[in-house]
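Here is the structure we will look at, set down as structure tokens.
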Amino acid sequence: MSYSDTFLKEILTRTKRIAVVGASSDPTRPSYRVAHFLSQRGFDVVPVNPGLVGETLFGARVVASLADIEGSVDMVDIFRRSEAVPEIVDEALDVFPDLRTIWMQIGVEHAEAAAKAEARGVDVVQNRCPKIECPRLFGA
């Protein structure tokens, strides 16, 4: 997938609240490191992981699913296998009518789910990492 720097910058500039699906409490896991980075960058991170419900990560309570998030989010950042993406995208589109972005992490892609989100006016990024893109686009 090829995305212009302008497109990625626009997404990361307008995004304030991010649901991280597959967030981990293990500091050695990429999903932990990325969510931690995003929270330190000033994003409001909502960790989503049914196995960690009730724990606190990055100053926020972990929820089991996107439907358990109070209020809306601007972006859903997916740290799950590609085959899990359609279900996550469907839930995101159902519970967040104002969702702006679906972001799939490195190694995560799903063309049909991406097309469905884009048809609803949601921007989609696949196989990229905001922890890499933020410093590259905005500096350290």
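Chains: A, B, ... in order of the structure tokens. Residues: from 1 per chain. Ligands: from 1, in order shown.
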
* To do: With a distance cut-off of 10 Å and only C-alpha atoms, select the neighbouring residues of region 37-40 of chain A, excluding the residue or stretch itself and same-chain residues fewer than 5 positions from it, and output the selection as JSON, numbers by chain.
  => {"A": [17, 18, 20, 31, 32, 45, 46, 57, 58, 59, 60, 130, 131, 134]}

Could you find all residues in chain A that DSSP calls strand (DSSP E or B) from the backbone, and write them as a CSV table (one decimal) with N, CA, C and O atoms, in the first residue's frame?
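Saved as result.csv:
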chain,number,residue,atom,x,y,z
A,17,ARG,N,-8.5,10.7,19.7
A,17,ARG,CA,-8.8,9.5,20.5
A,17,ARG,C,-8.7,8.2,19.7
A,17,ARG,O,-9.3,8.1,18.6
A,18,ILE,N,-7.9,7.3,20.1
A,18,ILE,CA,-7.6,6.1,19.4
A,18,ILE,C,-8.0,4.8,20.2
A,18,ILE,O,-7.5,4.7,21.4
A,19,ALA,N,-8.8,3.9,19.6
A,19,ALA,CA,-9.0,2.6,20.2
A,19,ALA,C,-8.0,1.7,19.7
A,19,ALA,O,-7.8,1.5,18.5
A,20,VAL,N,-7.2,1.1,20.6
A,20,VAL,CA,-6.1,0.1,20.2
A,20,VAL,C,-6.6,-1.3,20.4
A,20,VAL,O,-6.7,-1.7,21.6
A,21,VAL,N,-7.1,-1.9,19.4
A,21,VAL,CA,-7.6,-3.3,19.5
A,21,VAL,C,-6.5,-4.3,19.5
A,21,VAL,O,-5.7,-4.4,18.5
A,44,ASP,N,-5.4,10.3,23.2
A,44,ASP,CA,-6.2,9.6,24.2
A,44,ASP,C,-6.4,8.2,23.7
A,44,ASP,O,-7.1,7.9,22.8
A,45,VAL,N,-5.7,7.2,24.4
A,45,VAL,CA,-5.6,5.8,23.9
A,45,VAL,C,-6.6,5.0,24.8
A,45,VAL,O,-6.6,5.1,26.0
A,46,VAL,N,-7.5,4.3,24.1
A,46,VAL,CA,-8.4,3.4,24.8
A,46,VAL,C,-8.0,1.9,24.4
A,46,VAL,O,-8.2,1.5,23.3
A,47,PRO,N,-7.4,1.2,25.4
A,47,PRO,CA,-7.0,-0.2,25.1
A,47,PRO,C,-8.2,-1.1,25.1
A,47,PRO,O,-9.1,-1.1,25.9
A,48,VAL,N,-8.2,-2.0,24.0
A,48,VAL,CA,-9.3,-3.0,23.8
A,48,VAL,C,-8.6,-4.3,23.8
A,48,VAL,O,-7.8,-4.7,23.0
A,56,THR,N,-5.7,-1.2,34.0
A,56,THR,CA,-5.4,0.2,33.5
A,56,THR,C,-4.1,0.2,32.7
A,56,THR,O,-3.1,-0.4,33.2
A,57,LEU,N,-4.2,0.7,31.5
A,57,LEU,CA,-3.0,0.8,30.7
A,57,LEU,C,-3.0,2.2,30.1
A,57,LEU,O,-4.0,2.7,29.6
A,60,ALA,N,-5.8,4.5,31.1
A,60,ALA,CA,-7.2,4.3,30.7
A,60,ALA,C,-7.5,2.8,31.1
A,60,ALA,O,-6.7,1.9,31.1
A,61,ARG,N,-8.8,2.6,31.4
A,61,ARG,CA,-9.3,1.3,31.7
A,61,ARG,C,-9.4,0.5,30.4
A,61,ARG,O,-9.9,1.0,29.4
A,63,VAL,N,-11.0,-2.1,28.0
A,63,VAL,CA,-12.4,-2.6,27.7
A,63,VAL,C,-12.3,-3.9,26.8
A,63,VAL,O,-11.3,-4.1,26.2
A,75,MET,N,-10.1,7.1,15.6
A,75,MET,CA,-9.3,6.0,14.9
A,75,MET,C,-9.4,4.7,15.7
A,75,MET,O,-9.4,4.7,16.9
A,76,VAL,N,-9.5,3.6,14.9
A,76,VAL,CA,-9.4,2.3,15.4
A,76,VAL,C,-8.1,1.7,14.9
A,76,VAL,O,-8.0,1.6,13.7
A,77,ASP,N,-7.2,1.4,15.8
A,77,ASP,CA,-5.9,0.9,15.4
A,77,ASP,C,-5.9,-0.6,15.7
A,77,ASP,O,-6.1,-1.0,16.9
A,78,ILE,N,-5.7,-1.4,14.7
A,78,ILE,CA,-5.9,-2.9,14.8
A,78,ILE,C,-4.6,-3.6,14.9
A,78,ILE,O,-3.8,-3.6,13.9
A,101,THR,N,-11.1,7.0,10.9
A,101,THR,CA,-9.9,6.2,10.4
A,101,THR,C,-9.9,4.8,10.9
A,101,THR,O,-10.1,4.6,12.1
A,102,ILE,N,-9.7,3.8,10.1
A,102,ILE,CA,-9.3,2.5,10.4
A,102,ILE,C,-7.8,2.3,10.1
A,102,ILE,O,-7.4,2.6,8.9
A,103,TRP,N,-7.0,2.0,11.1
A,103,TRP,CA,-5.5,1.8,10.8
A,103,TRP,C,-5.2,0.4,11.2
A,103,TRP,O,-5.4,-0.1,12.3
A,104,MET,N,-4.6,-0.3,10.2
A,104,MET,CA,-4.1,-1.7,10.4
A,104,MET,C,-2.6,-1.7,10.5
A,104,MET,O,-1.9,-1.1,9.7
A,123,ASP,N,-11.4,6.8,6.3
A,123,ASP,CA,-10.0,6.6,5.7
A,123,ASP,C,-9.5,5.3,6.3
A,123,ASP,O,-9.7,5.0,7.4
A,124,VAL,N,-8.7,4.6,5.4
A,124,VAL,CA,-8.1,3.3,5.8
A,124,VAL,C,-6.6,3.4,5.5
A,124,VAL,O,-6.2,3.8,4.4
A,125,VAL,N,-5.8,2.9,6.5
A,125,VAL,CA,-4.4,2.7,6.3
A,125,VAL,C,-4.1,1.3,6.7
A,125,VAL,O,-4.6,0.8,7.7

Find the residues near Asp98 (chain A): any atom within 10 Å, counting only C-alpha atoms, skip ones fewer than 5 places away on the same chain, and give them as a PDB file with C-alpha atoms, in the first residue's frame.
ATOM      1  CA  SER A  72     -16.570   8.024  20.216  1.00  0.00           C
ATOM      2  CA  VAL A  73     -13.077   7.519  18.844  1.00  0.00           C
ATOM      3  CA  ASP A  74     -11.429   9.071  15.813  1.00  0.00           C
ATOM      4  CA  MET A  75      -9.334   6.031  14.914  1.00  0.00           C
ATOM      5  CA  ALA A  92     -16.328  -0.124  14.494  1.00  0.00           C
ATOM      6  CA  LEU A  93     -18.694   1.033  11.755  1.00  0.00           C
ATOM      7  CA  GLY A 121     -16.323   7.509   4.129  1.00  0.00           C
ATOM      8  CA  VAL A 122     -13.737   6.192   6.575  1.00  0.00           C
TER       9      VAL A 122
END

* To do: May I ask which of the residues A:Arg33, A:Arg41, A:Ala113, A:Ser2 is the closest one to Phe138 (chain A), counting only C-alpha atoms?
  => A:Arg41

* **Near-Gln126 (chain A) list (9 Å; only C-alpha atoms; drop same-chain fewer than 5 positions) as a PyMOL selection string** => chain A and resi 1+102-111+114

* Residues flagged helix (DSSP H, G or I) by DSSP in region 15-131 of chain A, as a PyMOL selection string -> chain A and resi 30-40+50-52+66-68+82-95+111-119+130-131

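Between Val95 (chain A) and the residues A:Ala115, A:Gly42, A:Ile69, A:Ser82, the shortest atom-to-atom distance, using only C-alpha atoms, involves A:Ile69.
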
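Remark: for Glu10 (chain A), the closest of the candidate residues A:Cys129, A:Phe79, A:Arg100, A:Arg120 is A:Arg100 (distances computed over only C-alpha atoms).
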